[in-house]
>>> print(open('data_35.txt').read())   # compact mmCIF, C-alpha atoms
# COMPACT_ATOMS: atom_id res chain seq x y z
CA MET M 1 -48.47 -39.65 7.08
CA ILE M 2 -45.81 -42.27 6.56
CA CYS M 3 -42.06 -41.71 6.51
CA HIS M 4 -40.21 -44.87 5.56
CA LYS M 5 -36.53 -45.37 4.93
CA LYS M 6 -34.47 -48.05 3.28
CA THR M 7 -30.73 -48.09 2.81
CA VAL M 8 -28.88 -49.85 0.04
CA ASP M 9 -25.20 -50.75 0.11
CA LEU M 10 -23.25 -50.41 -3.10
CA MET M 11 -19.64 -51.35 -3.71
CA GLY M 12 -17.68 -49.26 -6.18
CA THR M 13 -14.41 -49.57 -8.06
CA GLN M 14 -11.67 -47.02 -8.70
CA GLU M 15 -13.41 -46.07 -11.93
CA THR M 16 -16.72 -44.24 -12.36
CA ASP M 17 -19.53 -46.62 -11.33
CA LEU M 18 -23.09 -46.16 -12.48
CA HIS M 19 -25.41 -48.30 -10.34
CA ASP M 20 -29.01 -48.94 -11.36
CA VAL M 21 -31.05 -48.75 -8.12
CA THR M 22 -34.52 -48.59 -9.70
CA ASP M 23 -35.58 -51.98 -8.33
CA GLN M 24 -34.52 -51.03 -4.82
CA VAL M 25 -36.47 -47.77 -5.06
CA ILE M 26 -39.58 -49.63 -6.22
CA GLU M 27 -39.07 -52.07 -3.33
CA ALA M 28 -38.75 -49.26 -0.80
CA VAL M 29 -42.01 -47.71 -2.03
CA SER M 30 -43.75 -51.06 -1.83
CA GLU M 31 -42.46 -51.77 1.71
CA SER M 32 -43.50 -48.31 2.88
CA GLY M 33 -47.20 -48.72 2.24
CA VAL M 34 -47.24 -45.23 0.73
CA GLU M 35 -49.80 -44.96 -2.06
CA ASN M 36 -49.24 -41.32 -2.93
CA GLY M 37 -46.24 -39.23 -2.01
CA LEU M 38 -42.60 -38.59 -2.79
CA VAL M 39 -39.58 -40.86 -2.81
CA THR M 40 -36.14 -39.31 -2.40
CA VAL M 41 -32.94 -41.11 -3.37
CA HIS M 42 -29.95 -39.54 -1.69
CA THR M 43 -26.28 -40.32 -1.54
CA PRO M 44 -24.42 -38.95 1.48
CA GLY M 45 -20.92 -38.22 0.18
CA SER M 46 -19.27 -35.48 -1.85
CA THR M 47 -17.98 -37.71 -4.65
CA SER M 48 -21.24 -39.38 -5.63
CA ALA M 49 -24.48 -38.26 -7.25
CA VAL M 50 -27.96 -39.37 -8.34
CA THR M 51 -29.74 -38.89 -11.66
CA THR M 52 -31.83 -40.83 -14.18
CA ILE M 53 -30.75 -42.24 -17.52
CA GLU M 54 -31.67 -45.07 -19.88
CA TYR M 55 -29.63 -47.88 -18.36
CA GLU M 56 -28.10 -49.41 -21.47
CA PRO M 57 -24.36 -49.72 -22.21
CA GLY M 58 -24.32 -47.00 -24.87
CA CYS M 59 -25.89 -44.28 -22.70
CA LEU M 60 -23.72 -45.25 -19.73
CA GLN M 61 -20.56 -44.96 -21.84
CA ASP M 62 -21.74 -41.64 -23.27
CA LEU M 63 -22.35 -40.23 -19.80
CA LYS M 64 -18.87 -41.29 -18.69
CA ASP M 65 -17.39 -39.74 -21.82
CA LEU M 66 -19.26 -36.47 -21.25
CA LEU M 67 -18.05 -36.23 -17.66
CA ASP M 68 -14.50 -37.08 -18.79
CA ARG M 69 -14.69 -34.07 -21.07
CA LEU M 70 -16.21 -31.72 -18.48
CA ALA M 71 -14.00 -32.74 -15.57
CA PRO M 72 -11.15 -34.96 -16.80
CA LYS M 73 -9.63 -37.39 -14.33
CA ASN M 74 -6.13 -36.09 -15.03
CA GLY M 75 -6.99 -32.39 -15.13
CA GLU M 76 -5.35 -29.77 -12.93
CA TYR M 77 -7.31 -29.35 -9.70
CA SER M 78 -6.63 -27.19 -6.66
CA HIS M 79 -8.17 -29.90 -4.51
CA ASN M 80 -5.52 -32.39 -5.65
CA ALA M 81 -2.73 -29.88 -5.07
CA SER M 82 -3.84 -29.51 -1.43
CA TRP M 83 -4.92 -33.03 -0.54
CA GLU M 84 -3.02 -35.25 -2.97
CA ASP M 85 -5.88 -37.75 -3.11
CA GLY M 86 -6.35 -37.21 -6.84
CA ASN M 87 -10.15 -37.09 -6.73
CA GLY M 88 -10.71 -33.42 -7.56
CA TYR M 89 -12.58 -34.50 -10.70
CA SER M 90 -14.88 -36.69 -8.59
CA HIS M 91 -15.98 -33.73 -6.45
CA LEU M 92 -16.77 -31.64 -9.52
CA ARG M 93 -18.84 -34.32 -11.22
CA ALA M 94 -20.79 -34.89 -8.01
CA ALA M 95 -21.49 -31.17 -7.47
CA LEU M 96 -22.65 -30.83 -11.07
CA LEU M 97 -25.17 -33.69 -10.98
CA GLY M 98 -26.26 -33.25 -7.36
CA PRO M 99 -26.59 -35.74 -4.51
CA SER M 100 -30.33 -36.39 -4.51
CA LEU M 101 -33.42 -36.87 -6.61
CA SER M 102 -37.12 -36.87 -5.67
CA ILE M 103 -39.72 -38.76 -7.70
CA PRO M 104 -43.50 -38.78 -7.24
CA VAL M 105 -45.20 -41.96 -6.05
CA GLU M 106 -48.67 -42.61 -7.46
CA GLY M 107 -50.91 -45.56 -6.71
CA GLY M 108 -48.03 -47.25 -4.92
CA GLY M 109 -45.76 -47.07 -7.96
CA LEU M 110 -42.94 -44.86 -9.21
CA VAL M 111 -43.72 -42.26 -11.87
CA LEU M 112 -40.90 -43.11 -14.29
CA GLY M 113 -40.58 -43.54 -18.04
CA THR M 114 -40.11 -47.06 -19.44
CA TRP M 115 -36.53 -46.33 -20.44
CA GLN M 116 -35.71 -44.21 -17.41
CA GLN M 117 -33.74 -45.74 -14.56
CA VAL M 118 -32.55 -44.25 -11.27
CA VAL M 119 -28.77 -44.24 -11.24
CA VAL M 120 -26.35 -43.69 -8.36
CA CYS M 121 -23.01 -42.45 -9.69
CA ASP M 122 -19.86 -43.20 -7.71
CA PHE M 123 -17.13 -40.96 -9.07
CA ASP M 124 -14.41 -41.63 -6.54
CA ASN M 125 -10.98 -42.89 -7.59
CA ARG M 126 -10.81 -45.57 -4.94
CA PRO M 127 -13.21 -48.45 -4.30
CA ARG M 128 -15.77 -47.35 -1.75
CA ARG M 129 -18.79 -48.82 -0.05
CA ARG M 130 -21.74 -46.43 -0.45
CA GLU M 131 -24.83 -46.43 1.71
CA VAL M 132 -27.60 -44.97 -0.42
CA TYR M 133 -30.59 -43.57 1.40
CA ILE M 134 -34.10 -44.07 0.00
CA GLN M 135 -36.88 -42.23 1.77
CA VAL M 136 -40.61 -42.51 1.08
CA LEU M 137 -42.86 -39.75 2.41
CA GLY M 138 -46.60 -39.74 1.86
CA LEU M 139 -50.05 -41.12 2.42
CA ALA M 140 -51.27 -44.68 2.70
CA GLY M 141 -54.53 -43.68 1.03
CA GLU M 142 -55.81 -41.87 -2.01
CA ALA M 143 -54.44 -38.63 -3.40
CA VAL M 144 -56.98 -35.80 -3.57
CA MET J 1 -51.81 -33.96 4.93
CA ILE J 2 -52.75 -33.39 1.33
CA CYS J 3 -51.20 -35.08 -1.71
CA HIS J 4 -52.53 -33.60 -4.92
CA LYS J 5 -51.50 -34.33 -8.48
CA LYS J 6 -51.99 -32.60 -11.77
CA THR J 7 -50.68 -33.67 -15.14
CA VAL J 8 -49.91 -31.36 -18.02
CA ASP J 9 -49.58 -32.46 -21.63
CA LEU J 10 -46.89 -30.83 -23.72
CA MET J 11 -46.23 -31.32 -27.41
CA GLY J 12 -42.64 -31.07 -28.59
CA THR J 13 -40.86 -30.71 -31.90
CA GLN J 14 -37.75 -32.42 -33.26
CA GLU J 15 -35.67 -29.59 -31.83
CA THR J 16 -34.97 -28.79 -28.18
CA ASP J 17 -38.19 -27.42 -26.65
CA LEU J 18 -38.20 -25.31 -23.51
CA HIS J 19 -41.73 -25.15 -22.09
CA ASP J 20 -42.67 -22.63 -19.41
CA VAL J 21 -44.98 -24.49 -17.00
CA THR J 22 -44.95 -21.94 -14.17
CA ASP J 23 -48.63 -21.08 -14.57
CA GLN J 24 -49.63 -24.74 -14.46
CA VAL J 25 -47.56 -25.27 -11.31
CA ILE J 26 -49.22 -22.27 -9.64
CA GLU J 27 -52.59 -23.66 -10.72
CA ALA J 28 -51.81 -27.10 -9.28
CA VAL J 29 -50.86 -25.55 -5.93
CA SER J 30 -54.04 -23.49 -5.91
CA GLU J 31 -56.23 -26.50 -6.76
CA SER J 32 -54.56 -28.61 -4.07
CA GLY J 33 -55.58 -26.44 -1.14
CA VAL J 34 -52.05 -26.82 0.24
CA GLU J 35 -50.98 -23.72 2.12
CA ASN J 36 -47.52 -24.91 3.14
CA GLY J 37 -45.59 -27.77 1.63
CA LEU J 38 -43.61 -28.86 -1.37
CA VAL J 39 -44.46 -28.98 -5.07
CA THR J 40 -42.52 -31.37 -7.30
CA VAL J 41 -42.42 -31.03 -11.07
CA HIS J 42 -41.33 -34.26 -12.67
CA THR J 43 -40.96 -35.46 -16.23
CA PRO J 44 -41.11 -39.24 -16.71
CA GLY J 45 -38.81 -39.89 -19.65
CA SER J 46 -35.07 -40.19 -20.20
CA THR J 47 -34.78 -37.43 -22.81
CA SER J 48 -36.43 -34.61 -20.89
CA ALA J 49 -35.57 -32.55 -17.82
CA VAL J 50 -36.80 -29.81 -15.46
CA THR J 51 -35.02 -26.67 -14.26
CA THR J 52 -35.66 -22.95 -13.73
CA ILE J 53 -34.51 -20.05 -15.90
CA GLU J 54 -35.57 -16.52 -16.78
CA TYR J 55 -38.00 -17.27 -19.58
CA GLU J 56 -36.93 -14.68 -22.13
CA PRO J 57 -35.67 -15.42 -25.66
CA GLY J 58 -32.04 -14.53 -24.90
CA CYS J 59 -31.66 -16.91 -21.94
CA LEU J 60 -33.49 -19.69 -23.77
CA GLN J 61 -31.15 -19.36 -26.74
CA ASP J 62 -28.12 -19.27 -24.46
CA LEU J 63 -29.23 -22.47 -22.70
CA LYS J 64 -29.69 -24.23 -26.04
CA ASP J 65 -26.25 -23.01 -27.14
CA LEU J 66 -24.63 -24.22 -23.93
CA LEU J 67 -26.17 -27.68 -24.28
CA ASP J 68 -25.15 -27.78 -27.95
CA ARG J 69 -21.58 -27.25 -26.81
CA LEU J 70 -21.72 -29.79 -23.97
CA ALA J 71 -23.55 -32.53 -25.89
CA PRO J 72 -23.71 -31.65 -29.60
CA LYS J 73 -26.57 -33.12 -31.61
CA ASN J 74 -24.17 -34.52 -34.19
CA GLY J 75 -21.52 -35.79 -31.76
CA GLU J 76 -20.32 -39.38 -31.62
CA TYR J 77 -22.41 -41.38 -29.15
CA SER J 78 -22.31 -45.06 -28.28
CA HIS J 79 -26.08 -44.95 -27.80
CA ASN J 80 -26.56 -43.95 -31.43
CA ALA J 81 -24.16 -46.65 -32.63
CA SER J 82 -26.31 -49.28 -30.89
CA TRP J 83 -29.81 -47.97 -31.41
CA GLU J 84 -29.58 -45.76 -34.48
CA ASP J 85 -32.22 -43.40 -33.16
CA GLY J 86 -29.80 -40.47 -33.12
CA ASN J 87 -30.86 -39.12 -29.73
CA GLY J 88 -27.75 -39.91 -27.70
CA TYR J 89 -27.28 -36.17 -27.09
CA SER J 90 -30.84 -35.96 -25.71
CA HIS J 91 -30.13 -38.59 -23.05
CA LEU J 92 -26.98 -36.77 -21.92
CA ARG J 93 -28.65 -33.39 -21.61
CA ALA J 94 -31.50 -34.94 -19.64
CA ALA J 95 -29.17 -36.79 -17.24
CA LEU J 96 -27.16 -33.60 -16.68
CA LEU J 97 -30.12 -31.37 -15.77
CA GLY J 98 -32.18 -34.04 -14.01
CA PRO J 99 -35.84 -35.06 -14.36
CA SER J 100 -37.41 -33.29 -11.39
CA LEU J 101 -37.46 -30.18 -9.25
CA SER J 102 -39.05 -29.48 -5.87
CA ILE J 103 -40.07 -25.98 -4.79
CA PRO J 104 -41.44 -24.87 -1.43
CA VAL J 105 -45.05 -23.70 -1.20
CA GLU J 106 -45.72 -20.93 1.30
CA GLY J 107 -49.06 -19.28 2.02
CA GLY J 108 -50.57 -21.09 -0.95
CA GLY J 109 -48.00 -19.64 -3.36
CA LEU J 110 -44.78 -20.73 -5.03
CA VAL J 111 -41.50 -19.49 -3.61
CA LEU J 112 -39.94 -18.28 -6.87
CA GLY J 113 -38.02 -15.21 -7.97
CA THR J 114 -39.75 -12.67 -10.22
CA TRP J 115 -37.58 -13.61 -13.18
CA GLN J 116 -37.49 -17.31 -12.44
CA GLN J 117 -39.73 -19.67 -14.38
CA VAL J 118 -40.15 -23.44 -14.18
CA VAL J 119 -39.08 -24.96 -17.47
CA VAL J 120 -39.61 -28.45 -18.84
CA CYS J 121 -36.94 -29.27 -21.45
CA ASP J 122 -37.75 -31.75 -24.18
CA PHE J 123 -34.46 -32.76 -25.78
CA ASP J 124 -35.67 -35.54 -28.04
CA ASN J 125 -35.04 -35.47 -31.80
CA ARG J 126 -38.57 -36.45 -32.69
CA PRO J 127 -41.83 -34.70 -31.82
CA ARG J 128 -43.20 -36.21 -28.62
CA ARG J 129 -46.17 -35.72 -26.37
CA ARG J 130 -44.96 -35.34 -22.79
CA GLU J 131 -47.07 -35.86 -19.72
CA VAL J 132 -45.53 -33.72 -17.00
CA TYR J 133 -46.38 -34.65 -13.45
CA ILE J 134 -46.97 -31.93 -10.84
CA GLN J 135 -47.37 -33.08 -7.26
CA VAL J 136 -48.26 -30.95 -4.25
CA LEU J 137 -47.56 -32.39 -0.80
CA GLY J 138 -48.31 -30.49 2.37
CA LEU J 139 -50.70 -28.96 4.84
CA ALA J 140 -53.92 -27.08 4.33
CA GLY J 141 -53.14 -24.93 7.35
CA GLU J 142 -50.35 -22.84 8.78
CA ALA J 143 -46.68 -23.74 8.82
CA VAL J 144 -45.18 -23.94 12.31
CA MET A 1 -47.16 -33.54 10.06
CA ILE A 2 -44.93 -30.55 10.54
CA CYS A 3 -44.01 -27.96 7.92
CA HIS A 4 -41.42 -25.54 9.21
CA LYS A 5 -39.63 -22.77 7.38
CA LYS A 6 -36.55 -20.73 8.04
CA THR A 7 -35.05 -18.06 5.84
CA VAL A 8 -31.40 -17.12 5.73
CA ASP A 9 -30.05 -13.85 4.34
CA LEU A 10 -26.82 -13.99 2.40
CA MET A 11 -24.89 -11.07 0.97
CA GLY A 12 -22.97 -11.65 -2.26
CA THR A 13 -20.27 -9.88 -4.22
CA GLN A 14 -19.91 -9.22 -7.94
CA GLU A 15 -17.97 -12.47 -8.23
CA THR A 16 -19.26 -16.04 -7.85
CA ASP A 17 -20.02 -16.62 -4.17
CA LEU A 18 -20.23 -20.09 -2.67
CA HIS A 19 -21.93 -19.91 0.73
CA ASP A 20 -21.83 -22.83 3.15
CA VAL A 21 -25.31 -23.00 4.73
CA THR A 22 -24.99 -26.44 6.34
CA ASP A 23 -25.15 -25.07 9.88
CA GLN A 24 -28.29 -23.11 9.11
CA VAL A 25 -29.93 -26.19 7.59
CA ILE A 26 -29.07 -28.24 10.69
CA GLU A 27 -30.49 -25.42 12.82
CA ALA A 28 -33.73 -25.31 10.80
CA VAL A 29 -34.19 -29.06 11.25
CA SER A 30 -33.54 -28.78 14.96
CA GLU A 31 -36.00 -25.86 15.36
CA SER A 32 -38.67 -27.70 13.40
CA GLY A 33 -39.01 -30.63 15.76
CA VAL A 34 -39.06 -32.95 12.74
CA GLU A 35 -37.47 -36.28 13.54
CA ASN A 36 -37.98 -37.92 10.16
CA GLY A 37 -38.75 -36.17 6.91
CA LEU A 38 -37.26 -34.03 4.17
CA VAL A 39 -35.48 -30.68 4.24
CA THR A 40 -35.46 -28.58 1.08
CA VAL A 41 -32.99 -25.77 0.50
CA HIS A 42 -34.22 -23.43 -2.19
CA THR A 43 -32.99 -20.18 -3.65
CA PRO A 44 -35.64 -18.03 -5.32
CA GLY A 45 -33.80 -16.27 -8.13
CA SER A 46 -32.61 -17.17 -11.62
CA THR A 47 -28.91 -16.45 -11.06
CA SER A 48 -28.34 -18.63 -8.00
CA ALA A 49 -28.30 -22.36 -7.29
CA VAL A 50 -27.91 -25.01 -4.59
CA THR A 51 -25.70 -28.11 -4.52
CA THR A 52 -23.36 -29.96 -2.18
CA ILE A 53 -19.54 -30.01 -2.22
CA GLU A 54 -16.64 -30.50 0.16
CA TYR A 55 -16.29 -26.98 1.47
CA GLU A 56 -12.53 -26.54 1.29
CA PRO A 57 -10.69 -23.86 -0.75
CA GLY A 58 -9.43 -26.30 -3.38
CA CYS A 59 -12.84 -27.73 -4.30
CA LEU A 60 -14.44 -24.29 -4.28
CA GLN A 61 -11.79 -22.97 -6.67
CA ASP A 62 -12.18 -26.03 -8.89
CA LEU A 63 -15.95 -25.56 -9.08
CA LYS A 64 -15.50 -21.90 -10.05
CA ASP A 65 -12.94 -22.90 -12.68
CA LEU A 66 -15.26 -25.57 -14.11
CA LEU A 67 -18.14 -23.11 -14.39
CA ASP A 68 -15.81 -20.52 -15.96
CA ARG A 69 -15.04 -23.08 -18.63
CA LEU A 70 -18.66 -24.13 -19.20
CA ALA A 71 -20.18 -20.65 -19.17
CA PRO A 72 -17.41 -18.01 -19.25
CA LYS A 73 -18.19 -14.61 -17.76
CA ASN A 74 -17.08 -12.86 -20.93
CA GLY A 75 -18.69 -15.25 -23.41
CA GLU A 76 -21.17 -14.19 -26.09
CA TYR A 77 -24.72 -14.41 -24.75
CA SER A 78 -28.03 -13.48 -26.36
CA HIS A 79 -29.29 -12.45 -22.94
CA ASN A 80 -26.57 -9.82 -22.68
CA ALA A 81 -27.25 -8.56 -26.19
CA SER A 82 -30.88 -7.90 -25.24
CA TRP A 83 -30.60 -6.72 -21.66
CA GLU A 84 -27.06 -5.36 -21.38
CA ASP A 85 -26.79 -6.47 -17.77
CA GLY A 86 -23.88 -8.77 -18.53
CA ASN A 87 -25.09 -11.69 -16.42
CA GLY A 88 -25.98 -14.17 -19.17
CA TYR A 89 -23.34 -16.53 -17.77
CA SER A 90 -25.00 -16.34 -14.33
CA HIS A 91 -28.33 -17.55 -15.69
CA LEU A 92 -26.70 -20.52 -17.42
CA ARG A 93 -24.76 -21.65 -14.37
CA ALA A 94 -27.91 -21.40 -12.26
CA ALA A 95 -30.03 -23.39 -14.73
CA LEU A 96 -27.34 -26.08 -14.94
CA LEU A 97 -27.02 -26.66 -11.19
CA GLY A 98 -30.67 -26.04 -10.30
CA PRO A 99 -32.29 -23.87 -7.63
CA SER A 100 -33.10 -26.43 -4.96
CA LEU A 101 -31.96 -29.54 -3.14
CA SER A 102 -33.85 -31.93 -0.85
CA ILE A 103 -32.07 -33.99 1.81
CA PRO A 104 -33.57 -36.66 4.09
CA VAL A 105 -33.85 -35.96 7.81
CA GLU A 106 -33.35 -38.97 10.07
CA GLY A 107 -33.49 -38.99 13.85
CA GLY A 108 -33.58 -35.20 13.86
CA GLY A 109 -30.34 -34.94 11.88
CA LEU A 110 -29.28 -34.36 8.30
CA VAL A 111 -28.21 -37.35 6.22
CA LEU A 112 -24.95 -35.91 4.86
CA GLY A 113 -21.41 -37.17 4.39
CA THR A 114 -18.68 -35.87 6.68
CA TRP A 115 -17.06 -33.90 3.86
CA GLN A 116 -20.30 -32.86 2.21
CA GLN A 117 -21.62 -29.35 2.77
CA VAL A 118 -24.75 -27.63 1.46
CA VAL A 119 -23.70 -24.72 -0.72
CA VAL A 120 -25.73 -21.82 -2.07
CA CYS A 121 -24.08 -20.43 -5.21
CA ASP A 122 -24.63 -16.78 -6.10
CA PHE A 123 -23.54 -16.34 -9.70
CA ASP A 124 -24.71 -12.79 -10.30
CA ASN A 125 -22.32 -10.07 -11.46
CA ARG A 126 -23.55 -7.52 -8.95
CA PRO A 127 -23.65 -7.76 -5.16
CA ARG A 128 -27.05 -9.06 -4.12
CA ARG A 129 -28.81 -9.92 -0.94
CA ARG A 130 -30.25 -13.45 -1.22
CA GLU A 131 -33.02 -14.83 0.92
CA VAL A 132 -32.53 -18.56 1.01
CA TYR A 133 -35.52 -20.66 1.93
CA ILE A 134 -35.12 -23.75 4.12
CA GLN A 135 -38.19 -25.92 4.55
CA VAL A 136 -38.54 -28.96 6.80
CA LEU A 137 -41.44 -31.33 6.12
CA GLY A 138 -42.03 -34.44 8.18
CA LEU A 139 -42.99 -36.20 11.36
CA ALA A 140 -42.16 -35.39 14.96
CA GLY A 141 -42.05 -39.11 15.74
CA GLU A 142 -40.48 -42.30 14.52
CA ALA A 143 -40.13 -43.35 10.92
CA VAL A 144 -41.87 -46.63 10.11
>>> encode(input="data_35.txt", output="structure tokens")
Amino acid sequence: MICHKKTVDLMGTQETDLHDVTDQVIEAVSESGVENGLVTVHTPGSTSAVTTIEYEPGCLQDLKDLLDRLAPKNGEYSHNASWEDGNGYSHLRAALLGPSLSIPVEGGGLVLGTWQQVVVCDFDNRPRRREVYIQVLGLAGEAV
Amino acid sequence: MICHKKTVDLMGTQETDLHDVTDQVIEAVSESGVENGLVTVHTPGSTSAVTTIEYEPGCLQDLKDLLDRLAPKNGEYSHNASWEDGNGYSHLRAALLGPSLSIPVEGGGLVLGTWQQVVVCDFDNRPRRREVYIQVLGLAGEAV
Amino acid sequence: MICHKKTVDLMGTQETDLHDVTDQVIEAVSESGVENGLVTVHTPGSTSAVTTIEYEPGCLQDLKDLLDRLAPKNGEYSHNASWEDGNGYSHLRAALLGPSLSIPVEGGGLVLGTWQQVVVCDFDNRPRRREVYIQVLGLAGEAV
């Protein structure tokens, strides 16, 4: 069995950043030599998350708008009252979407739809460098 | 180590479809010969998602109602303005729930609650055939 | 390859309970002998879920408040109309967050942010004992 890791550095802004990391995930799978297995994309940090979406400007705007409705930046948050860092909304958005995503690898490739990209969401209200963790677990040979 | 895959074809409607695939997941685990490991249910496509719920008509209706409130079918979406395919709400629902789910396998069986079923959600506004990907990764023998 | 499991018993109340299980997950990884792999935290049951959040009182309150807005305890639910157990809101919150989470293991440790804890959410409206399932899958040796 192979366990391969790759990290990717992303730089965010003070607004919500939606980073397409699909190419880096494909690259990690290719580097790993895994033919059949599972790739996990994980963001260590409580104000970021991972999901998939069609990476086109309309969908990205719609996702931001949805999250602005669910957890508005200027809402009232107990976290902000205690810590005064103003990113209570970021924590909620991250907890809702979740910090990781696992996708099957088949024949050395990612099982994804044509219009489906892997997106790392940075919700924090200050520019942060994020180290995203891509892990490939599986077999070099055939699936059975 | 074993890596086994099974695909399941589902046919959707133009409404939100919630498919119970629990039996197919159990079948995939059984076919795989994996005694202890992880099964991943994944839907390649940006307008579908996977989660668990009690598969009874009340809960299914409630989930549809919740998603209708969060991302209404007839809401204003930038995606629709650009692409005119009217499925902006489908993309949002899919990104919110996420495209995959991994469940432990123990003693050749799924670790699930009695009232907990694995559900593939097809949110698209046109009838689509979905190929759902079930992958079992693990050991034929005992866990340690 | 190693596949190790650990179960953790949690006791809930009739309110939403957010249990920090990070220490138990670290312990499971340590017990397993896995140096590089994947740990999955899974809650079998349709009224509970797993995510990560900064485990401080403000964030926990904010998450409860968010879920109270999205799926209010005293809302109208078809599930309640049929079953009269009053936990329709619990099922929705669980389906939204999802029942499991997988996190990479590197060098025998969890890849988590400093302010990021693994949280099991018990949404049920009656006190329940929950058996949470922690599974570690991976290699005793080096990643490649």
>>> interface_residues(input="data_35.txt", of="chain M", to="chain J", cutoff="7 Å", atoms="only C-alpha atoms", output="JSON, numbers by chain")
{"M": [1, 36, 37, 51, 52, 53, 54, 58, 59, 61, 62, 63, 97, 102, 103, 104, 111, 112, 113, 115, 116, 143, 144]}
>>> atom_distance(input="data_35.txt", atom1="atom CA of Glu56 of chain A", atom2="atom CA of Asp122 of chain A")
17.2 Å
>>> atom_distance(input="data_35.txt", atom1="atom CA of Lys64 of chain J", atom2="atom CA of Thr16 of chain J")
7.3 Å
>>> residues_around(input="data_35.txt", residues="Arg129 of chain A", least_positions_apart="4", cutoff="9 Å", atoms="only C-alpha atoms", output="PyMOL selection string")
chain A and resi 9-12
>>> atom_distance(input="data_35.txt", atom1="atom CA of Gly141 of chain A", atom2="atom CA of Val34 of chain A")
7.5 Å
>>> residues_around(input="data_35.txt", residues="Thr22 of chain A", least_positions_apart="3", cutoff="9 Å", atoms="all atoms listed in the file", output="count of residues only")
7
>>> axis_aligned_box(input="data_35.txt", around="segment 3-21 of chain M", padding_each_side="6 Å", output="JSON")
{"center_x": -26.9, "center_y": -46.5, "center_z": -3.0, "size_x": 42.4, "size_y": 21.6, "size_z": 31.0}
>>> closest_residue(input="data_35.txt", among="A:Pro57, A:Gly108, A:Pro72, A:Asp124", to="Asp85 of chain A", atoms="only C-alpha atoms")
A:Asp124
